[in-house]
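A.B. asks: Structure incoming, see below.
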Amino acid sequence: MAIPEKNMTGSRKVRNAALGIFSALVLILAPLPARAADGETAPARDAKQAIDEQYTAKIQKYTTAPFFTSPLVNYLPASNTVPTPEAVLGDIAGAPDVLPYAEDVYKYMRLLEKASPRVKVFSIGTTEEGREMIAVAVSSPENLKNLEENRARLTKLADPRTIKLDDAEADKLVAQAVPVYYITGTIHSPETGAPTALMELAYRLAVDESPYVREIRDGTITLITPVVEVDGRDRMVDIYRWHLAHPKDFYPPLIYWGKYVAHDNNRDAMGVTLKLTENVLNTYVGWKAQVLHDLHESVPYLYDNTVGDGPYNAWVDPILTDEWQMIGARNVADMTKFGMPGVFTHGDFDTWSPGYLMFIAAMHNGISRLYETFGNGGADTQERTLDPEEYARTWWRQNPPLPKALWSQRDNNNYEQTGLLTSLHYFNENKRLFLKNFYLKAKRSVMKPAAEGPAAYVLPADESRPGLQSELLRVLQKQAVEISRAKSAFTVSLPVKKEKPKKEAKDAKEADKEKKPEPTTRDFPSGSYIIRMDQPYARIADALLDHQYWSPDDPQKTPYDDTGWTFGELFGVQVARVTDLKVLDTPMEHVVNVHGPGGVKGDGTVFAINNNAEPALATLRYKMKDAAMEAAEEQFDSSGKKFTRGSLIIRNLTRTDLDRAAADLGLQVVALGAAPSVKTHPVRAARVAFVHTWLSTQTEGWWRLALDDLKVPYDYISTQKIAKIDDLNAKYDVILFPPVGYFPGPTAIISGMPAAWGNPLPWKNTPETPNLVGKNDSTDDMRPGLGWDGLAKLQAFVQKGGVLLTATDTSRFVTEIGLVTGVTAHTSEHMKIVGAVVGTRLVDGGSPIAYGYEEKVAAYCDNGPIFSLSSIAGARGRRRLGNESHTRPTGRGTADDPDFTVGRPTVEAPEEPTSEIWEAPPVTDEQRRNGFRVIPPANRARVIFRYADKKDLLISGLVEGGDEIAQHPAVVDVPAGKGHVVLFSINPVYRGETRGTYSIVLNTILNFDSLDAGRKLAEK
Ligand SMILES: [Zn+2]
């Protein structure tokens, strides 16, 4: 779904001679008869309707080969009243050099609305930067007049409980309802073709009188969001304008798309943290649409990747996977008949993760679809050369694309429109089947508890993290999942787990006993949240809350995206999967507003908040700037309550103010008669710098989003800026250097992009690029990196007492560049942890970094890096590669016996010092001889969390060869001079899905000047 980074600037004149062989396929403009011998409506224009000659001539001109078009789009019907896209673009859709801003696309859609009763434009929300998103409905005037009536019918089909699951009633509705086919364009900003293709598609659907298009218009509501990533679109158009104004220069790569993330905006359909996801989801669910068809560009020439490859997402209904096959196969066949090369389905995309935008439909009883068409990343016409694997003929791509071809934005628009029109026509022809399926999928969701189960998920009322629990429930509500709350306590029986028969069972009696474990039950208190599975959108709740298992033996060796995401685990809250149907009989009420209980209780002027690693504690710290806050370094009891280590003790604040803030944040505060006599240290609102590179901003974008959400302020600066700040310590207490997203090596972070040749790559607002910067960062030249001066500044910052926090690839950076001593970071050799949920274990609960955490913490891991510690400077840490084996030498006796030496009494060897894999091996006597390399105990790395043992490592997803990272450090605090570098191997802040580990980062920020609290030093 990414555009390969290829140079947009190229010749438009070169034509491939090899293309001549196809000239026999030239499509003729002459109309065909309306109904062909096969009984299908012919895909051809209406002979009686005039064509727009001038527009049609340009279509021919900009189409680079006669077979890159179809009888559906090789002409434009004329209209006396309805303006063509030319009215806004100044040229036709897909013309070279023309890339409209979202605003221009909307302007055109609104012109259409004004000129035609067949078009209606709806505003569906705004982006992070305040730009509008729209949905354009095109259908017959009658359908558009009866939208609400039709919506009422679709709503009943979407929620079969309203018709008591009555199939006969459903059939009546199916016979009357007009289905909705929702198309979304350009979520990925460098994939630029969709907006103009969709402008022209809207025109055709509104104007064309051919029977083929008329049938679509009269039978179906086509809903179009022409630009999904609106902020990114405007930046991309800026870049393209810059490129047109500086044709001989290299142009800046699109470093920012939306405000926060780039390509990952199409991985947000689980967490729903981005506005674009929320707006499309609300539109899809609100219209009760049957299809969500998302348009992308990267693969030549049209890859309908919906059919994809295994493994299929385990929670989708097989009715849907059948629909994928039906529509996909037919789509390929139709376009093949037009003589268009390179149209295929299947391919190598697996449909395991439900994070893609299109999957909103798959998880809400609709049909998800996705096109990859071919694009040049702009509107230049260019000769494109493919890789052999791209043009190879395979069983699933029998008519592959050409090895080399001149490709234009018009070609792209031809393919997109032809694919969509044939899809719409096929869908409309079979709409009764698809509407019935829509109902059946919803009905089968409602029947889920007794069918495949589970009956419900329960989030208990005695959750120790009510704030995170509420956050998880609110994500489910965004997904249109209904939440209920138990009005009384209840008990459910737990499924009896079948034990594997033990080989060593001594007699039949014992084996029998092992076969029948006692049935167990679980009690839940009144007020527990129940997510019933007998609701229409049960599937998305099930997919998010269940565990994932990706077998290492799966034939799919290259998972397309994350393999595990279990939300209860990553949010750090309890979620019980309940199969006992009795749970549904619990008296319960529907919950509209989920809000954790918060406010002040008790009497007194000193306040305490128990620390359970809830991110809202950081929000409170920054919100109440003047309050004195301290952290208890040990647990304590007060006013009959137990407080954990790290609990906040607050003074200097009126009860009213604190009560209001705590109620707002869902934090439970206890007023104490007197301050507890426990050792404390101050918890200050650290001044934070947030560092990004000009290489990639996507992965750090999720961190920015999380901090903004929590209202934790920071200065957003690039690696270039660091060298320019005189005294970093005077400005900042903590520097966050979140992951770059891929590890380009330490030299790339320092040097940046090549600057020895070429021109500067500015990222700043100019007359040609008014949208580039937004509220993010700017530079005159993106190419320079951190630089050696910047590196020295970072080092000085830490030495003078600052705290530097790094994760995944930036952790590798600080170890490889020598900012820390005693920690090495390795890449894996045989391990495969592909975006999975893994187990970690608390090693040093005394560290403020771990405040609020219990022994077991689930975390997101994507293959390391693998940390190893050493107490010897410059030594590489110990790693376990395969199973350890300590065998005695060949000699006398049995395996456990000591050897002997003939002719002298046995000398007892000193006992070998042992250590755990996450620890540095103990310093030996030999190493201490003139031991200038021995790191003094106070300077050694302190392990806060480690990865779990191999058998406990996998929680969700794919973990293969996990022994390589098992037990190794996961979060390490390394003293350096007067400061600290805190390194993460896990990624604690990711896609809004890992909120349970946010507090490891927030604890580091809030306790920046007391990180050594609770530290126990080694003796030697
Ligand atoms: Zn894409």
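Note on naming: chains are A, B, ... as they come in the structure tokens, residues start from 1 per chain, ligands start from 1 in the order shown.
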For Pro746 in chain A, work out the shell of residues within 9 Å, counting only C-alpha atoms and skipping chain neighbours fewer than 4 positions away, then give it as a PyMOL selection string.
C.D. replies: chain A and resi 750-751+810+812-814+816-817
A.B. asks: Keeping only N, CA and C atoms, write the selected residues as a compact mmCIF listing (two decimals), in the first residue's frame.
C.D. replies:
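For reference, part17.txt as written:
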```
# COMPACT_ATOMS: atom_id res chain seq x y z
N ILE A 750 23.00 10.43 12.47
CA ILE A 750 23.94 11.54 12.63
C ILE A 750 24.08 12.35 11.34
N SER A 751 24.23 11.66 10.22
CA SER A 751 24.50 12.37 8.96
C SER A 751 23.24 12.80 8.22
N THR A 810 15.99 3.66 18.36
CA THR A 810 16.83 4.70 18.95
C THR A 810 17.60 4.14 20.16
N ARG A 812 18.94 1.16 20.02
CA ARG A 812 20.11 0.61 19.32
C ARG A 812 21.10 1.73 19.01
N PHE A 813 20.56 2.87 18.61
CA PHE A 813 21.41 4.01 18.28
C PHE A 813 22.29 4.39 19.47
N VAL A 814 21.71 4.57 20.66
CA VAL A 814 22.52 5.04 21.80
C VAL A 814 23.51 3.97 22.27
N GLU A 816 24.97 1.75 20.17
CA GLU A 816 26.02 1.60 19.15
C GLU A 816 26.93 2.83 19.08
N ILE A 817 26.37 3.99 19.45
CA ILE A 817 27.17 5.20 19.35
C ILE A 817 27.93 5.45 20.65
```
A.B. asks: I'd like a table as JSON lines: residues in chain A with an atom no more than 10 Å from ligand 1, each row giving the shortest atom pair and its distance in Å to one decimal, only C-alpha atoms and all ligand atoms counted, sorted by chain and rising residue number.
C.D. replies:
```
{"residue": "A:Met1", "atom": "CA", "partner": "ligand 1", "partner_atom_place_in_ligand_line": "1 (Zn)", "distance": 3.2}
{"residue": "A:Ala2", "atom": "CA", "partner": "ligand 1", "partner_atom_place_in_ligand_line": "1 (Zn)", "distance": 4.9}
{"residue": "A:Ile3", "atom": "CA", "partner": "ligand 1", "partner_atom_place_in_ligand_line": "1 (Zn)", "distance": 7.1}
{"residue": "A:Gly185", "atom": "CA", "partner": "ligand 1", "partner_atom_place_in_ligand_line": "1 (Zn)", "distance": 9.9}
{"residue": "A:Thr186", "atom": "CA", "partner": "ligand 1", "partner_atom_place_in_ligand_line": "1 (Zn)", "distance": 7.7}
{"residue": "A:Ile187", "atom": "CA", "partner": "ligand 1", "partner_atom_place_in_ligand_line": "1 (Zn)", "distance": 7.0}
{"residue": "A:His188", "atom": "CA", "partner": "ligand 1", "partner_atom_place_in_ligand_line": "1 (Zn)", "distance": 4.9}
{"residue": "A:Ser189", "atom": "CA", "partner": "ligand 1", "partner_atom_place_in_ligand_line": "1 (Zn)", "distance": 8.1}
{"residue": "A:Pro190", "atom": "CA", "partner": "ligand 1", "partner_atom_place_in_ligand_line": "1 (Zn)", "distance": 8.3}
{"residue": "A:Glu191", "atom": "CA", "partner": "ligand 1", "partner_atom_place_in_ligand_line": "1 (Zn)", "distance": 6.4}
{"residue": "A:Thr192", "atom": "CA", "partner": "ligand 1", "partner_atom_place_in_ligand_line": "1 (Zn)", "distance": 9.9}
{"residue": "A:His263", "atom": "CA", "partner": "ligand 1", "partner_atom_place_in_ligand_line": "1 (Zn)", "distance": 7.1}
{"residue": "A:Asp264", "atom": "CA", "partner": "ligand 1", "partner_atom_place_in_ligand_line": "1 (Zn)", "distance": 9.5}
{"residue": "A:Asn265", "atom": "CA", "partner": "ligand 1", "partner_atom_place_in_ligand_line": "1 (Zn)", "distance": 9.6}
{"residue": "A:Asn266", "atom": "CA", "partner": "ligand 1", "partner_atom_place_in_ligand_line": "1 (Zn)", "distance": 7.7}
{"residue": "A:Asp294", "atom": "CA", "partner": "ligand 1", "partner_atom_place_in_ligand_line": "1 (Zn)", "distance": 9.0}
{"residue": "A:Leu295", "atom": "CA", "partner": "ligand 1", "partner_atom_place_in_ligand_line": "1 (Zn)", "distance": 7.4}
{"residue": "A:His296", "atom": "CA", "partner": "ligand 1", "partner_atom_place_in_ligand_line": "1 (Zn)", "distance": 4.3}
{"residue": "A:Glu297", "atom": "CA", "partner": "ligand 1", "partner_atom_place_in_ligand_line": "1 (Zn)", "distance": 5.6}
{"residue": "A:Ser298", "atom": "CA", "partner": "ligand 1", "partner_atom_place_in_ligand_line": "1 (Zn)", "distance": 6.8}
{"residue": "A:Val299", "atom": "CA", "partner": "ligand 1", "partner_atom_place_in_ligand_line": "1 (Zn)", "distance": 9.6}
{"residue": "A:Leu370", "atom": "CA", "partner": "ligand 1", "partner_atom_place_in_ligand_line": "1 (Zn)", "distance": 9.2}
{"residue": "A:Tyr371", "atom": "CA", "partner": "ligand 1", "partner_atom_place_in_ligand_line": "1 (Zn)", "distance": 8.8}
{"residue": "A:Glu372", "atom": "CA", "partner": "ligand 1", "partner_atom_place_in_ligand_line": "1 (Zn)", "distance": 7.1}
{"residue": "A:Thr373", "atom": "CA", "partner": "ligand 1", "partner_atom_place_in_ligand_line": "1 (Zn)", "distance": 9.3}
```
A.B. asks: Going by DSSP on the backbone, which residues of range 87-124 of chain A come out as strand (DSSP E)? List them as a list in words.
C.D. replies: Val119, Lys120, Val121, Phe122, Ser123 and Ile124 of chain A
A.B. asks: Write the selection just made, keeping all heavy atoms, as a compact mmCIF listing (two decimals), in the first residue's frame?
C.D. replies:
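Heads up, here's the output in out_17.txt:
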```
# COMPACT_ATOMS: atom_id res chain seq x y z
N VAL A 119 -27.18 14.05 -7.00
CA VAL A 119 -25.97 14.15 -6.17
C VAL A 119 -26.28 14.91 -4.88
O VAL A 119 -26.96 15.94 -4.92
CB VAL A 119 -24.84 14.88 -6.93
CG1 VAL A 119 -23.59 14.99 -6.06
CG2 VAL A 119 -24.52 14.18 -8.24
N LYS A 120 -25.80 14.39 -3.77
CA LYS A 120 -25.93 15.09 -2.48
C LYS A 120 -24.61 15.00 -1.74
O LYS A 120 -23.99 13.94 -1.69
CB LYS A 120 -27.02 14.43 -1.62
CG LYS A 120 -28.37 15.12 -1.71
CD LYS A 120 -29.33 14.59 -0.67
CE LYS A 120 -30.51 15.54 -0.54
NZ LYS A 120 -31.52 15.04 0.37
N VAL A 121 -24.18 16.13 -1.17
CA VAL A 121 -22.90 16.15 -0.46
C VAL A 121 -23.16 16.28 1.04
O VAL A 121 -23.97 17.11 1.47
CB VAL A 121 -22.03 17.33 -0.95
CG1 VAL A 121 -20.71 17.39 -0.18
CG2 VAL A 121 -21.76 17.20 -2.45
N PHE A 122 -22.46 15.46 1.82
CA PHE A 122 -22.60 15.49 3.27
C PHE A 122 -21.24 15.76 3.92
O PHE A 122 -20.23 15.20 3.50
CB PHE A 122 -23.13 14.15 3.79
CG PHE A 122 -24.48 13.79 3.24
CD1 PHE A 122 -24.61 13.17 1.99
CD2 PHE A 122 -25.62 14.09 3.96
CE1 PHE A 122 -25.85 12.84 1.47
CE2 PHE A 122 -26.88 13.77 3.44
CZ PHE A 122 -26.99 13.15 2.20
N SER A 123 -21.26 16.61 4.92
CA SER A 123 -20.05 16.86 5.69
C SER A 123 -19.97 15.75 6.75
O SER A 123 -20.96 15.48 7.42
CB SER A 123 -20.17 18.23 6.36
OG SER A 123 -18.89 18.74 6.61
N ILE A 124 -18.83 15.08 6.87
CA ILE A 124 -18.78 13.94 7.81
C ILE A 124 -17.79 14.16 8.95
O ILE A 124 -17.47 13.24 9.69
CB ILE A 124 -18.46 12.62 7.08
CG1 ILE A 124 -17.09 12.66 6.39
CG2 ILE A 124 -19.56 12.27 6.09
CD1 ILE A 124 -16.58 11.29 5.95
```
A.B. asks: Can you pull out every residue from range 147-352 of chain A that DSSP, working from the backbone, puts in helix (DSSP H, G or I), and format the result as a PyMOL selection string?
C.D. replies: chain A and resi 147-158+160-163+167-176+194-207+211-219+230-245+263-267+275-287+318-337
A.B. asks: If we count only C-alpha atoms and set the cut-off at 8 Å, which residues sit around His692 in chain A, ignoring sequence neighbours fewer than 6 positions away in its own chain? Please answer as JSON, numbers by chain.
C.D. replies: {"A": [700, 716, 717, 718, 719, 737, 738, 740]}
A.B. asks: How would the residues just picked look written out with all heavy atoms as a PDB file, in the first residue's frame?
C.D. replies:
```
ATOM      1  N   GLU A 700       7.157   7.821  15.674  1.00  0.00           N
ATOM      2  CA  GLU A 700       7.092   8.780  16.782  1.00  0.00           C
ATOM      3  C   GLU A 700       5.743   9.488  16.821  1.00  0.00           C
ATOM      4  O   GLU A 700       5.333   9.993  17.861  1.00  0.00           O
ATOM      5  CB  GLU A 700       8.259   9.787  16.728  1.00  0.00           C
ATOM      6  CG  GLU A 700       8.432  10.575  15.431  1.00  0.00           C
ATOM      7  CD  GLU A 700       7.695  11.906  15.390  1.00  0.00           C
ATOM      8  OE1 GLU A 700       6.887  12.187  16.295  1.00  0.00           O
ATOM      9  OE2 GLU A 700       7.927  12.659  14.421  1.00  0.00           O
ATOM     10  N   TYR A 716       8.567  20.126  20.394  1.00  0.00           N
ATOM     11  CA  TYR A 716       8.798  19.170  19.308  1.00  0.00           C
ATOM     12  C   TYR A 716       9.958  19.677  18.466  1.00  0.00           C
ATOM     13  O   TYR A 716       9.846  20.678  17.773  1.00  0.00           O
ATOM     14  CB  TYR A 716       7.513  19.064  18.488  1.00  0.00           C
ATOM     15  CG  TYR A 716       7.538  18.028  17.414  1.00  0.00           C
ATOM     16  CD1 TYR A 716       7.877  16.699  17.698  1.00  0.00           C
ATOM     17  CD2 TYR A 716       7.191  18.343  16.102  1.00  0.00           C
ATOM     18  CE1 TYR A 716       7.866  15.727  16.713  1.00  0.00           C
ATOM     19  CE2 TYR A 716       7.177  17.381  15.106  1.00  0.00           C
ATOM     20  CZ  TYR A 716       7.513  16.073  15.415  1.00  0.00           C
ATOM     21  OH  TYR A 716       7.500  15.127  14.430  1.00  0.00           O
ATOM     22  N   ILE A 717      11.104  19.009  18.574  1.00  0.00           N
ATOM     23  CA  ILE A 717      12.298  19.502  17.879  1.00  0.00           C
ATOM     24  C   ILE A 717      12.930  18.390  17.049  1.00  0.00           C
ATOM     25  O   ILE A 717      12.798  17.216  17.360  1.00  0.00           O
ATOM     26  CB  ILE A 717      13.343  20.069  18.867  1.00  0.00           C
ATOM     27  CG1 ILE A 717      13.822  18.994  19.846  1.00  0.00           C
ATOM     28  CG2 ILE A 717      12.790  21.269  19.625  1.00  0.00           C
ATOM     29  CD1 ILE A 717      14.962  19.423  20.741  1.00  0.00           C
ATOM     30  N   SER A 718      13.625  18.794  15.991  1.00  0.00           N
ATOM     31  CA  SER A 718      14.271  17.788  15.145  1.00  0.00           C
ATOM     32  C   SER A 718      15.688  17.546  15.638  1.00  0.00           C
ATOM     33  O   SER A 718      16.237  18.320  16.422  1.00  0.00           O
ATOM     34  CB  SER A 718      14.314  18.265  13.694  1.00  0.00           C
ATOM     35  OG  SER A 718      15.351  19.204  13.528  1.00  0.00           O
ATOM     36  N   THR A 719      16.300  16.474  15.148  1.00  0.00           N
ATOM     37  CA  THR A 719      17.695  16.189  15.488  1.00  0.00           C
ATOM     38  C   THR A 719      18.595  17.358  15.092  1.00  0.00           C
ATOM     39  O   THR A 719      19.581  17.641  15.763  1.00  0.00           O
ATOM     40  CB  THR A 719      18.169  14.907  14.772  1.00  0.00           C
ATOM     41  OG1 THR A 719      17.750  14.958  13.405  1.00  0.00           O
ATOM     42  CG2 THR A 719      17.580  13.658  15.416  1.00  0.00           C
ATOM     43  N   PHE A 737      13.382  10.416  22.720  1.00  0.00           N
ATOM     44  CA  PHE A 737      13.783  10.134  21.340  1.00  0.00           C
ATOM     45  C   PHE A 737      13.092   8.832  20.926  1.00  0.00           C
ATOM     46  O   PHE A 737      13.667   7.756  20.981  1.00  0.00           O
ATOM     47  CB  PHE A 737      15.309  10.015  21.250  1.00  0.00           C
ATOM     48  CG  PHE A 737      15.867  10.063  19.851  1.00  0.00           C
ATOM     49  CD1 PHE A 737      15.061  10.228  18.726  1.00  0.00           C
ATOM     50  CD2 PHE A 737      17.246   9.952  19.651  1.00  0.00           C
ATOM     51  CE1 PHE A 737      15.586  10.283  17.455  1.00  0.00           C
ATOM     52  CE2 PHE A 737      17.791  10.006  18.367  1.00  0.00           C
ATOM     53  CZ  PHE A 737      16.956  10.163  17.274  1.00  0.00           C
ATOM     54  N   PRO A 738      11.814   8.942  20.554  1.00  0.00           N
ATOM     55  CA  PRO A 738      11.034   7.752  20.204  1.00  0.00           C
ATOM     56  C   PRO A 738      11.559   7.087  18.928  1.00  0.00           C
ATOM     57  O   PRO A 738      12.390   7.664  18.231  1.00  0.00           O
ATOM     58  CB  PRO A 738       9.614   8.294  20.000  1.00  0.00           C
ATOM     59  CG  PRO A 738       9.617   9.674  20.545  1.00  0.00           C
ATOM     60  CD  PRO A 738      11.019  10.155  20.404  1.00  0.00           C
ATOM     61  N   VAL A 740      12.515   5.787  15.301  1.00  0.00           N
ATOM     62  CA  VAL A 740      12.481   6.365  13.959  1.00  0.00           C
ATOM     63  C   VAL A 740      11.499   5.561  13.100  1.00  0.00           C
ATOM     64  O   VAL A 740      10.832   6.091  12.228  1.00  0.00           O
ATOM     65  CB  VAL A 740      13.896   6.334  13.324  1.00  0.00           C
ATOM     66  CG1 VAL A 740      13.857   6.838  11.891  1.00  0.00           C
ATOM     67  CG2 VAL A 740      14.863   7.161  14.145  1.00  0.00           C
TER      68      VAL A 740
END
```
A.B. asks: To one decimal place in Å, what is the distance between CA of Lys601 in chain A and CA of Asp626 in chain A?
C.D. replies: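 Taking CA of Lys601 in chain A and CA of Asp626 in chain A, their separation equals 21.4 Å.
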A.B. asks: Using only C-alpha atoms, which residues sit within 12 Å of Pro770 in chain A once same-chain residues fewer than 3 positions away are excluded, as a list in words?
C.D. replies: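 Residues meeting the cut-off are Tyr101, Asp231, Asp234, Arg235, Met236, Val237, Asp238, Ile239, Arg241, Trp242, Trp763, Lys764, Asn765, Thr766, Pro767, Val773 and Gly774 of chain A.
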A.B. asks: Could you list, as a list in words, every residue within 12 Å of Lys478 in chain A, counting only C-alpha atoms and ignoring same-chain residues fewer than 5 positions away?
C.D. replies: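 The residues that qualify are Ala269, Met270, Gly271, Val272, Thr273, Leu274, Lys275, Thr277, Glu278, Asn279, Val280, Leu281, Asn282, Val285, Ile360, Glu471, Leu472, Leu473, Ile483, Tyr537, Ile540, Ala541, Val592, Asn593 and Val594 of chain A.
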A.B. asks: Suppose we keep N, CA, C and O atoms; can you now write the selection as a CSV table (one decimal), in the first residue's frame?
C.D. replies:
```csv
chain,number,residue,atom,x,y,z
A,269,ALA,N,-7.8,1.1,12.4
A,269,ALA,CA,-9.3,0.7,12.5
A,269,ALA,C,-9.5,-0.2,13.7
A,269,ALA,O,-10.7,-0.6,13.9
A,270,MET,N,-8.5,-0.5,14.5
A,270,MET,CA,-8.7,-1.1,15.8
A,270,MET,C,-8.9,-0.1,16.9
A,270,MET,O,-9.8,0.0,17.6
A,271,GLY,N,-7.8,0.7,17.0
A,271,GLY,CA,-7.8,1.7,18.1
A,271,GLY,C,-8.7,2.9,17.9
A,271,GLY,O,-9.0,3.6,18.8
A,272,VAL,N,-9.0,3.2,16.6
A,272,VAL,CA,-9.8,4.4,16.2
A,272,VAL,C,-9.2,5.7,17.0
A,272,VAL,O,-10.0,6.3,17.7
A,273,THR,N,-8.0,6.0,16.8
A,273,THR,CA,-7.4,7.2,17.4
A,273,THR,C,-7.3,8.4,16.5
A,273,THR,O,-7.2,9.5,17.0
A,274,LEU,N,-7.5,8.1,15.2
A,274,LEU,CA,-7.4,9.2,14.2
A,274,LEU,C,-8.8,9.7,13.8
A,274,LEU,O,-9.7,8.9,13.7
A,275,LYS,N,-8.9,11.0,13.5
A,275,LYS,CA,-10.2,11.5,13.1
A,275,LYS,C,-10.7,10.8,11.9
A,275,LYS,O,-11.9,10.6,11.7
A,277,THR,N,-10.3,7.9,10.8
A,277,THR,CA,-10.9,6.6,11.0
A,277,THR,C,-12.3,6.7,11.6
A,277,THR,O,-13.3,6.1,11.2
A,278,GLU,N,-12.4,7.6,12.6
A,278,GLU,CA,-13.6,7.8,13.3
A,278,GLU,C,-14.7,8.3,12.3
A,278,GLU,O,-15.8,7.9,12.4
A,279,ASN,N,-14.3,9.3,11.5
A,279,ASN,CA,-15.3,9.9,10.6
A,279,ASN,C,-15.8,8.8,9.5
A,279,ASN,O,-17.0,8.8,9.2
A,280,VAL,N,-14.9,8.0,9.0
A,280,VAL,CA,-15.3,7.0,8.0
A,280,VAL,C,-16.1,5.9,8.7
A,280,VAL,O,-17.1,5.5,8.2
A,281,LEU,N,-15.7,5.6,9.9
A,281,LEU,CA,-16.4,4.5,10.7
A,281,LEU,C,-17.8,5.0,10.9
A,281,LEU,O,-18.8,4.3,10.7
A,282,ASN,N,-18.0,6.2,11.4
A,282,ASN,CA,-19.3,6.8,11.7
A,282,ASN,C,-20.2,6.8,10.4
A,282,ASN,O,-21.4,6.6,10.5
A,285,VAL,N,-21.1,3.1,9.4
A,285,VAL,CA,-22.1,2.5,10.3
A,285,VAL,C,-23.4,3.3,10.2
A,285,VAL,O,-24.5,2.8,10.3
A,360,ILE,N,-13.2,-2.0,8.6
A,360,ILE,CA,-14.4,-1.5,9.3
A,360,ILE,C,-15.6,-2.2,8.8
A,360,ILE,O,-16.5,-2.6,9.6
A,471,GLU,N,-11.2,3.7,29.2
A,471,GLU,CA,-10.6,3.9,27.8
A,471,GLU,C,-10.9,2.8,26.9
A,471,GLU,O,-11.2,3.0,25.7
A,472,LEU,N,-10.7,1.6,27.3
A,472,LEU,CA,-10.9,0.4,26.5
A,472,LEU,C,-12.4,0.3,26.1
A,472,LEU,O,-12.7,0.1,24.9
A,473,LEU,N,-13.3,0.6,27.1
A,473,LEU,CA,-14.7,0.6,26.8
A,473,LEU,C,-15.1,1.7,25.8
A,473,LEU,O,-15.9,1.5,24.9
A,483,ILE,N,-22.4,-1.5,25.3
A,483,ILE,CA,-21.8,-1.9,26.6
A,483,ILE,C,-22.9,-2.0,27.6
A,483,ILE,O,-23.8,-1.1,27.7
A,537,TYR,N,-22.8,-6.0,16.2
A,537,TYR,CA,-21.4,-5.7,16.0
A,537,TYR,C,-20.5,-6.5,17.0
A,537,TYR,O,-19.4,-6.0,17.5
A,540,ILE,N,-16.5,-7.3,16.0
A,540,ILE,CA,-15.3,-6.4,16.3
A,540,ILE,C,-14.9,-6.5,17.7
A,540,ILE,O,-13.7,-6.5,18.0
A,541,ALA,N,-15.8,-6.6,18.6
A,541,ALA,CA,-15.5,-6.7,20.1
A,541,ALA,C,-14.7,-8.0,20.3
A,541,ALA,O,-13.7,-8.0,21.0
A,592,VAL,N,-24.4,4.4,28.3
A,592,VAL,CA,-24.2,5.3,27.3
A,592,VAL,C,-22.8,6.0,27.5
A,592,VAL,O,-22.0,6.1,26.6
A,593,ASN,N,-22.6,6.6,28.7
A,593,ASN,CA,-21.4,7.3,28.9
A,593,ASN,C,-20.5,6.4,29.9
A,593,ASN,O,-20.9,6.2,31.1
A,594,VAL,N,-19.4,6.0,29.4
A,594,VAL,CA,-18.5,5.2,30.3
A,594,VAL,C,-17.6,6.2,31.0
A,594,VAL,O,-16.9,7.0,30.3
```
A.B. asks: Could you check the closest approach to Thr1004 in chain A for each of A:Ala194, A:Ala115, A:Ile944, A:Leu292 and tell me which residue wins, using only C-alpha atoms?
C.D. replies: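 Ranked by minimum distance to Thr1004 in chain A, first place goes to A:Ile944.
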A.B. asks: Could you give me, as a short mmCIF file (atom, residue, chain, number, x, y, z; two decimals) with N, CA, C and O atoms, in the first residue's frame, the residues within 8 Å of Leu173 in chain A, counting only C-alpha atoms and dropping anything in the same chain fewer than 6 positions from it?
C.D. replies:
```cif
data_model
loop_
_atom_site.label_atom_id
_atom_site.label_comp_id
_atom_site.auth_asym_id
_atom_site.auth_seq_id
_atom_site.Cartn_x
_atom_site.Cartn_y
_atom_site.Cartn_z
N ARG A 153 -35.00 0.99 6.74
CA ARG A 153 -35.02 -0.42 6.31
C ARG A 153 -33.66 -1.08 6.54
O ARG A 153 -33.57 -2.18 7.09
N LEU A 154 -32.61 -0.37 6.12
CA LEU A 154 -31.27 -0.94 6.27
C LEU A 154 -30.92 -1.14 7.75
O LEU A 154 -30.23 -2.08 8.12
N LEU A 157 -32.22 -4.35 8.91
CA LEU A 157 -31.40 -5.47 8.44
C LEU A 157 -30.08 -5.52 9.21
O LEU A 157 -29.55 -6.59 9.50
#
```
A.B. asks: By how many Å are CA of Arg687 in chain A and CA of Val734 in chain A apart?
C.D. replies: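 Going from CA of Arg687 in chain A over to CA of Val734 in chain A covers 6.3 Å.
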A.B. asks: Hey, can you check how far CA of Ala858 in chain A sits from CA of Val837 in chain A?
C.D. replies: 6.4 Å
A.B. asks: With distances taken over only C-alpha atoms, which of A:Met199, A:Leu842, A:Leu494, A:Leu672 is nearest to Gly640 in chain A?
C.D. replies: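 Smallest separation from Gly640 in chain A among the options: A:Leu672.
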A.B. asks: Of the residues A:Gln720, A:Ser1010, A:Ser528, A:Thr126, which is the one nearest to Gln574 in chain A, using only C-alpha atoms?
C.D. replies: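 Counting only C-alpha atoms, the residue closest to Gln574 in chain A is A:Ser528.
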